[in-house]
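J.: Just so it is clear, I am handing over query_9.cif, which has mmCIF, C-alpha atoms.
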data_run
loop_
_atom_site.group_PDB
_atom_site.id
_atom_site.type_symbol
_atom_site.label_atom_id
_atom_site.label_comp_id
_atom_site.auth_asym_id
_atom_site.auth_seq_id
_atom_site.Cartn_x
_atom_site.Cartn_y
_atom_site.Cartn_z
ATOM 1 C CA MET A 855 22.433 30.643 222.264
ATOM 2 C CA ARG A 856 24.795 30.478 219.285
ATOM 3 C CA ARG A 857 21.950 29.281 217.063
ATOM 4 C CA VAL A 858 19.614 32.061 218.227
ATOM 5 C CA ALA A 859 22.167 34.583 217.035
ATOM 6 C CA PHE A 860 22.511 32.517 213.888
ATOM 7 C CA ALA A 861 18.752 32.617 213.320
ATOM 8 C CA ILE A 862 18.871 36.392 213.558
ATOM 9 C CA ALA A 863 21.824 36.544 211.188
ATOM 10 C CA MET A 864 19.962 34.352 208.733
ATOM 11 C CA ALA A 865 16.993 36.688 208.913
ATOM 12 C CA LEU A 866 19.195 39.524 207.749
ATOM 13 C CA THR A 867 20.957 37.683 204.945
ATOM 14 C CA CYS A 868 18.362 35.546 203.219
ATOM 15 C CA ALA A 869 18.459 36.380 199.519
ATOM 16 C CA ALA A 870 15.482 34.176 198.627
ATOM 17 C CA CYS A 871 13.006 35.806 201.023
ATOM 18 C CA ALA A 872 11.385 38.428 198.807
ATOM 19 C CA SER A 873 8.089 38.293 200.717
ATOM 20 C CA GLY A 874 9.645 39.448 204.005
ATOM 21 C CA THR A 875 12.228 38.617 206.604
ATOM 22 C CA LYS A 876 12.685 34.920 207.285
ATOM 23 C CA VAL A 877 14.000 33.440 210.525
ATOM 24 C CA VAL A 878 14.942 29.750 210.715
ATOM 25 C CA LEU A 879 15.831 27.917 213.936
ATOM 26 C CA LEU A 880 18.629 25.348 213.705
ATOM 27 C CA ALA A 881 19.821 22.734 216.168
ATOM 28 C CA ASP A 882 23.241 23.131 217.773
ATOM 29 C CA ASP A 883 26.004 20.753 216.705
ATOM 30 C CA ASP A 884 25.138 18.468 219.644
ATOM 31 C CA GLY A 885 21.460 18.297 218.601
ATOM 32 C CA THR A 886 20.040 20.599 221.281
ATOM 33 C CA VAL A 887 17.547 23.198 220.173
ATOM 34 C CA GLY A 888 16.946 26.558 221.785
ATOM 35 C CA GLN A 889 14.148 28.850 220.757
ATOM 36 C CA VAL A 890 13.664 32.251 219.210
ATOM 37 C CA ALA A 891 10.774 34.689 219.539
ATOM 38 C CA VAL A 892 9.673 36.671 216.493
ATOM 39 C CA ASN A 893 7.615 39.793 217.263
ATOM 40 C CA PRO A 894 6.354 41.393 214.062
ATOM 41 C CA GLY A 895 3.639 43.323 215.880
ATOM 42 C CA PRO A 896 1.202 42.640 218.685
ATOM 43 C CA GLN A 897 1.607 38.859 218.482
ATOM 44 C CA GLU A 898 4.695 36.827 219.287
ATOM 45 C CA THR A 899 5.646 33.765 217.276
ATOM 46 C CA ARG A 900 7.976 31.352 219.050
ATOM 47 C CA LEU A 901 10.111 28.892 217.078
ATOM 48 C CA THR A 902 11.003 25.813 219.145
ATOM 49 C CA GLN A 903 11.707 23.000 216.661
ATOM 50 C CA PRO A 904 14.700 22.512 214.366
ATOM 51 C CA LEU A 905 14.155 23.904 210.856
ATOM 52 C CA GLN A 906 10.989 25.708 211.977
ATOM 53 C CA SER A 907 10.743 29.100 210.266
ATOM 54 C CA ALA A 908 8.839 32.340 210.486
ATOM 55 C CA THR A 909 8.451 34.693 207.558
ATOM 56 C CA VAL A 910 7.619 38.201 208.699
ATOM 57 C CA GLY A 911 5.608 40.426 206.407
ATOM 58 C CA ALA A 912 3.231 43.371 206.651
ATOM 59 C CA SER A 913 0.426 41.168 207.995
ATOM 60 C CA GLY A 914 2.488 39.420 210.703
ATOM 61 C CA ALA A 915 4.459 36.196 210.821
ATOM 62 C CA SER A 916 3.670 32.955 209.064
ATOM 63 C CA VAL A 917 5.205 29.779 210.455
ATOM 64 C CA GLY A 918 6.534 26.961 208.333
ATOM 65 C CA THR A 919 9.229 24.323 208.149
ATOM 66 C CA GLU A 920 12.318 24.401 205.955
ATOM 67 C CA THR A 921 14.369 21.569 204.518
ATOM 68 C CA GLU A 922 18.086 21.312 205.205
ATOM 69 C CA ALA A 923 18.722 21.719 201.479
ATOM 70 C CA ALA A 924 16.728 24.972 201.372
ATOM 71 C CA VAL A 925 18.560 26.341 204.407
ATOM 72 C CA LYS A 926 21.933 25.509 202.830
ATOM 73 C CA ARG A 927 20.865 27.158 199.583
ATOM 74 C CA ASP A 928 19.140 30.264 200.968
ATOM 75 C CA PHE A 929 21.569 30.971 203.805
ATOM 76 C CA ALA A 930 24.867 29.888 202.253
ATOM 77 C CA ALA A 931 26.603 33.178 203.105
ATOM 78 C CA ALA A 932 25.469 33.115 206.760
ATOM 79 C CA LEU A 933 26.462 29.457 207.143
ATOM 80 C CA ALA A 934 29.908 30.170 205.682
ATOM 81 C CA ALA A 935 30.385 33.041 208.153
ATOM 82 C CA MET A 936 29.664 30.899 211.224
ATOM 83 C CA PRO A 937 32.664 30.670 213.531
ATOM 84 C CA THR A 938 34.171 27.305 214.387
ATOM 85 C CA PRO A 939 32.565 26.149 217.659
ATOM 86 C CA PRO A 940 34.822 26.031 220.722
ATOM 87 C CA MET A 941 36.426 22.713 221.654
ATOM 88 C CA THR A 942 36.678 21.708 225.312
ATOM 89 C CA PHE A 943 39.267 19.348 226.750
ATOM 90 C CA THR A 944 39.401 18.102 230.348
ATOM 91 C CA LEU A 945 42.750 17.195 231.875
ATOM 92 C CA ASN A 946 42.960 15.469 235.262
ATOM 93 C CA PHE A 947 45.655 15.758 237.930
ATOM 94 C CA GLU A 948 47.289 13.615 240.573
ATOM 95 C CA PHE A 949 45.982 14.203 244.098
ATOM 96 C CA GLY A 950 47.266 17.424 245.698
ATOM 97 C CA SER A 951 49.555 18.359 242.811
ATOM 98 C CA GLU A 952 49.914 20.148 239.500
ATOM 99 C CA GLN A 953 51.029 16.921 237.781
ATOM 100 C CA LEU A 954 48.738 15.625 235.049
ATOM 101 C CA ASN A 955 47.809 11.973 235.285
ATOM 102 C CA ALA A 956 49.055 9.651 232.525
ATOM 103 C CA ALA A 957 45.810 9.671 230.505
ATOM 104 C CA SER A 958 45.714 13.467 230.484
ATOM 105 C CA ARG A 959 49.375 13.795 229.486
ATOM 106 C CA ALA A 960 48.518 11.659 226.450
ATOM 107 C CA ARG A 961 45.706 14.092 225.481
ATOM 108 C CA VAL A 962 47.852 17.248 225.462
ATOM 109 C CA PRO A 963 48.892 16.818 221.773
ATOM 110 C CA GLU A 964 45.172 16.903 220.808
ATOM 111 C CA ILE A 965 44.911 20.359 222.365
ATOM 112 C CA PHE A 966 47.994 21.568 220.484
ATOM 113 C CA GLU A 967 46.552 20.236 217.214
ATOM 114 C CA GLU A 968 43.262 22.068 217.780
ATOM 115 C CA ILE A 969 45.069 25.330 218.529
ATOM 116 C CA ALA A 970 47.233 24.928 215.415
ATOM 117 C CA ARG A 971 44.149 24.142 213.291
ATOM 118 C CA ARG A 972 42.629 27.499 214.263
ATOM 119 C CA GLY A 973 45.796 29.406 213.408
ATOM 120 C CA ASP A 974 46.361 33.014 214.409
ATOM 121 C CA ILE A 975 42.802 33.540 215.633
ATOM 122 C CA ALA A 976 43.005 30.867 218.354
ATOM 123 C CA GLU A 977 42.234 31.793 221.955
ATOM 124 C CA VAL A 978 42.679 29.442 224.911
ATOM 125 C CA VAL A 979 41.029 29.602 228.341
ATOM 126 C CA ILE A 980 42.294 27.238 231.047
ATOM 127 C CA ILE A 981 40.193 26.845 234.201
ATOM 128 C CA GLY A 982 41.746 24.946 237.096
ATOM 129 C CA HIS A 983 39.627 22.980 239.615
ATOM 130 C CA THR A 984 40.167 20.851 242.719
ATOM 131 C CA ASP A 985 38.271 18.214 244.641
ATOM 132 C CA THR A 986 36.686 19.162 247.965
ATOM 133 C CA VAL A 987 39.406 17.755 250.227
ATOM 134 C CA GLY A 988 41.364 20.494 252.003
ATOM 135 C CA GLU A 989 40.844 24.124 252.923
ATOM 136 C CA LEU A 990 39.118 26.527 250.526
ATOM 137 C CA ASP A 991 42.137 28.894 250.321
ATOM 138 C CA TYR A 992 44.518 26.005 249.620
ATOM 139 C CA ASN A 993 42.219 24.675 246.886
ATOM 140 C CA ASP A 994 41.927 28.135 245.323
ATOM 141 C CA ARG A 995 45.711 28.388 245.067
ATOM 142 C CA LEU A 996 46.058 24.785 243.848
ATOM 143 C CA SER A 997 43.473 25.273 241.115
ATOM 144 C CA LEU A 998 45.317 28.337 239.847
ATOM 145 C CA ARG A 999 48.657 26.474 239.955
ATOM 146 C CA ARG A 1000 47.072 23.702 237.873
ATOM 147 C CA ALA A 1001 45.904 26.189 235.255
ATOM 148 C CA GLU A 1002 49.356 27.828 235.289
ATOM 149 C CA ALA A 1003 51.063 24.446 234.861
ATOM 150 C CA VAL A 1004 49.024 23.693 231.732
ATOM 151 C CA ARG A 1005 49.688 27.215 230.422
ATOM 152 C CA GLU A 1006 53.440 26.834 230.975
ATOM 153 C CA GLN A 1007 53.408 23.496 229.146
ATOM 154 C CA MET A 1008 51.690 25.163 226.188
ATOM 155 C CA ILE A 1009 54.152 28.047 226.144
ATOM 156 C CA ALA A 1010 57.077 25.599 226.322
ATOM 157 C CA ALA A 1011 55.608 23.867 223.241
ATOM 158 C CA GLY A 1012 55.623 27.158 221.321
ATOM 159 C CA MET A 1013 52.187 28.650 222.000
ATOM 160 C CA LYS A 1014 51.995 32.439 222.260
ATOM 161 C CA PRO A 1015 51.420 33.466 225.894
ATOM 162 C CA ASP A 1016 49.048 36.275 224.924
ATOM 163 C CA ILE A 1017 46.411 33.857 223.547
ATOM 164 C CA ILE A 1018 46.113 31.999 226.873
ATOM 165 C CA THR A 1019 43.938 33.127 229.802
ATOM 166 C CA ILE A 1020 43.876 31.209 233.087
ATOM 167 C CA TRP A 1021 41.417 30.993 235.990
ATOM 168 C CA GLY A 1022 41.350 29.074 239.235
ATOM 169 C CA ARG A 1023 37.931 28.005 240.554
ATOM 170 C CA GLY A 1024 39.078 25.876 243.478
ATOM 171 C CA GLU A 1025 36.387 23.458 244.636
ATOM 172 C CA ARG A 1026 33.461 25.690 243.598
ATOM 173 C CA GLU A 1027 32.342 23.775 240.496
ATOM 174 C CA PRO A 1028 32.687 20.073 241.255
ATOM 175 C CA VAL A 1029 31.708 17.370 238.813
ATOM 176 C CA GLU A 1030 31.157 15.063 241.785
ATOM 177 C CA GLY A 1031 29.723 17.016 244.737
ATOM 178 C CA GLY A 1032 29.963 16.598 248.480
ATOM 179 C CA ASP A 1033 32.215 17.648 251.356
ATOM 180 C CA ASN A 1034 35.695 16.141 251.595
ATOM 181 C CA VAL A 1035 35.252 14.097 248.415
ATOM 182 C CA ARG A 1036 38.579 12.889 247.020
ATOM 183 C CA SER A 1037 37.610 12.649 243.361
ATOM 184 C CA GLU A 1038 39.835 12.522 240.303
ATOM 185 C CA VAL A 1039 37.069 13.943 238.096
ATOM 186 C CA ASN A 1040 37.092 17.109 240.216
ATOM 187 C CA ARG A 1041 40.908 17.479 240.058
ATOM 188 C CA ARG A 1042 40.953 18.925 236.594
ATOM 189 C CA ALA A 1043 41.766 21.759 234.222
ATOM 190 C CA VAL A 1044 39.180 22.532 231.605
ATOM 191 C CA VAL A 1045 40.861 23.841 228.447
ATOM 192 C CA VAL A 1046 38.597 25.728 226.041
ATOM 193 C CA VAL A 1047 40.018 26.410 222.590
ATOM 194 C CA ARG A 1048 38.096 28.942 220.559
#
Represent the supplied structure as structure tokens.
T.:
Amino acid sequence: MRRVAFAIAMALTCAACASGTKVVLLADDDGTVGQVAVNPGPQETRLTQPLQSATVGASGASVGTETEAAVKRDFAAALAAMPTPPMTFTLNFEFGSEQLNAASRARVPEIFEEIARRGDIAEVVIIGHTDTVGELDYNDRLSLRRAEAVREQMIAAGMKPDIITIWGRGEREPVEGGDNVRSEVNRRAVVVVR
């Protein structure tokens, strides 16, 4: 999705595209590729491969392929304006509590470093989860307490409270599914730094 918007942004900012508007599809940072539809008239051109391009002129769209060097050259301003992608961290908890396990406690400094790297524009979303053992209402409250516990730890370390949003999802989004599954991977807080 981010790259589709980027393809559109590139179409608007290409300085080397005198013959028309050019749209180039790029892969996401993880290598996945979405697609973009270009509709210059009655026919639709769909870009589905990385570095595939469509140049739109008076007679329609012509499809081609760009090199990475050409994209960097022709779309330097758009590339420089791209926001830093969000970073996601998963912290796991002891059973039935808001206490992080030892491995997750060791990862907390990484989160602080990422927030500091982004400076004043950082935003943090913390989403608490539980496994599927216990009642739904209890798990809803526990998941929110887990998110709150991580938030309070961040505030105690000097983070501004107004950059942190918390959610509790209970057992609704398990990593490992099933009823009454006691699973450490489900007892987690997902911390998104953007």
J.: I'd like the residues picked by the PyMOL selection byres ((chain A and resi 1017-1032) around 7) written out as number ranges by chain, using the chain letters and numbers from the file.
T.: A: 976-986, 993-994, 997-998, 1001-1002, 1005, 1014-1016, 1033-1035, 1039-1040
J.: I'd like the contact shell of region 942-953 of chain A - 9 Å cut-off, all atoms listed in the file, skipping same-chain residues fewer than 2 positions apart - returned as a short mmCIF file (atom, residue, chain, number, x, y, z; two decimals) with C-alpha atoms, in the coordinates of the input.
T.:
data_model
loop_
_atom_site.label_atom_id
_atom_site.label_comp_id
_atom_site.auth_asym_id
_atom_site.auth_seq_id
_atom_site.Cartn_x
_atom_site.Cartn_y
_atom_site.Cartn_z
CA PRO A 940 34.82 26.03 220.72
CA ASN A 955 47.81 11.97 235.28
CA ALA A 956 49.06 9.65 232.52
CA ALA A 957 45.81 9.67 230.50
CA SER A 958 45.71 13.47 230.48
CA ARG A 959 49.38 13.80 229.49
CA ARG A 961 45.71 14.09 225.48
CA VAL A 962 47.85 17.25 225.46
CA GLU A 964 45.17 16.90 220.81
CA ILE A 965 44.91 20.36 222.36
CA THR A 984 40.17 20.85 242.72
CA ASP A 985 38.27 18.21 244.64
CA ASN A 993 42.22 24.68 246.89
CA LEU A 996 46.06 24.78 243.85
CA SER A 997 43.47 25.27 241.12
CA ARG A 999 48.66 26.47 239.96
CA ARG A 1000 47.07 23.70 237.87
CA ALA A 1001 45.90 26.19 235.26
CA GLU A 1002 49.36 27.83 235.29
CA ALA A 1003 51.06 24.45 234.86
CA VAL A 1004 49.02 23.69 231.73
CA ARG A 1036 38.58 12.89 247.02
CA SER A 1037 37.61 12.65 243.36
CA GLU A 1038 39.84 12.52 240.30
CA VAL A 1039 37.07 13.94 238.10
CA ASN A 1040 37.09 17.11 240.22
CA ARG A 1041 40.91 17.48 240.06
CA ARG A 1042 40.95 18.92 236.59
CA ALA A 1043 41.77 21.76 234.22
CA VAL A 1044 39.18 22.53 231.60
CA VAL A 1045 40.86 23.84 228.45
CA VAL A 1046 38.60 25.73 226.04
CA VAL A 1047 40.02 26.41 222.59
CA ARG A 1048 38.10 28.94 220.56
#
J.: Any idea what the distance is between CA of Glu968 (chain A) and CA of Leu933 (chain A)?
T.: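 The value is 21.2 Å.
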J.: Please report the interatomic distance between CA of Val917 (chain A) and CA of Thr899 (chain A) in Å with one decimal.
T.: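 Going from CA of Val917 (chain A) over to CA of Thr899 (chain A) covers 7.9 Å.
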J.: Extract, using only C-alpha atoms, all DNA, RNA and protein residues at most 10 Å from Thr886 (chain A), discarding same-chain residues fewer than 3 positions from it, and format them as a list in words.
T.: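 After dropping sequence-adjacent residues, the list is Arg857, Leu880, Ala881, Asp882, Asp883, Gln903 and Pro904 of chain A.
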J.: Quick check, in Å to one decimal: how far apart do CA of Thr902 (chain A) and CA of Ala930 (chain A) lie?
T.: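 Those two atoms sit 22.2 Å apart.
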J.: At a cut-off of 8 Å, using all atoms listed in the file, what residues contact Leu901 (chain A)? Leave out same-chain residues fewer than 6 positions from it and give the result as a list in words.
T.: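 With the cut-off at 8 Å, the set is Leu879, Gln889, Val890, Ala891, Val892, Ser907 and Ala908 of chain A.
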J.: Residues within 8 Å of Gly911 (chain A), please, as a list in words. Count all atoms listed in the file; anything in the same chain fewer than 4 positions from it doesn't count.
T.: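 Here the qualifying residues turn out to be Ser873, Gly874, Thr875, Pro894 and Ala915 of chain A.
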J.: Under the rule that all atoms listed in the file are counted, which of A:Ala960, A:Val878, A:Ala932, A:Met1008 is the nearest residue to Val910 (chain A)?
T.: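 Between A:Ala960, A:Val878, A:Ala932, A:Met1008, the residue approaching Val910 (chain A) most closely is A:Val878.
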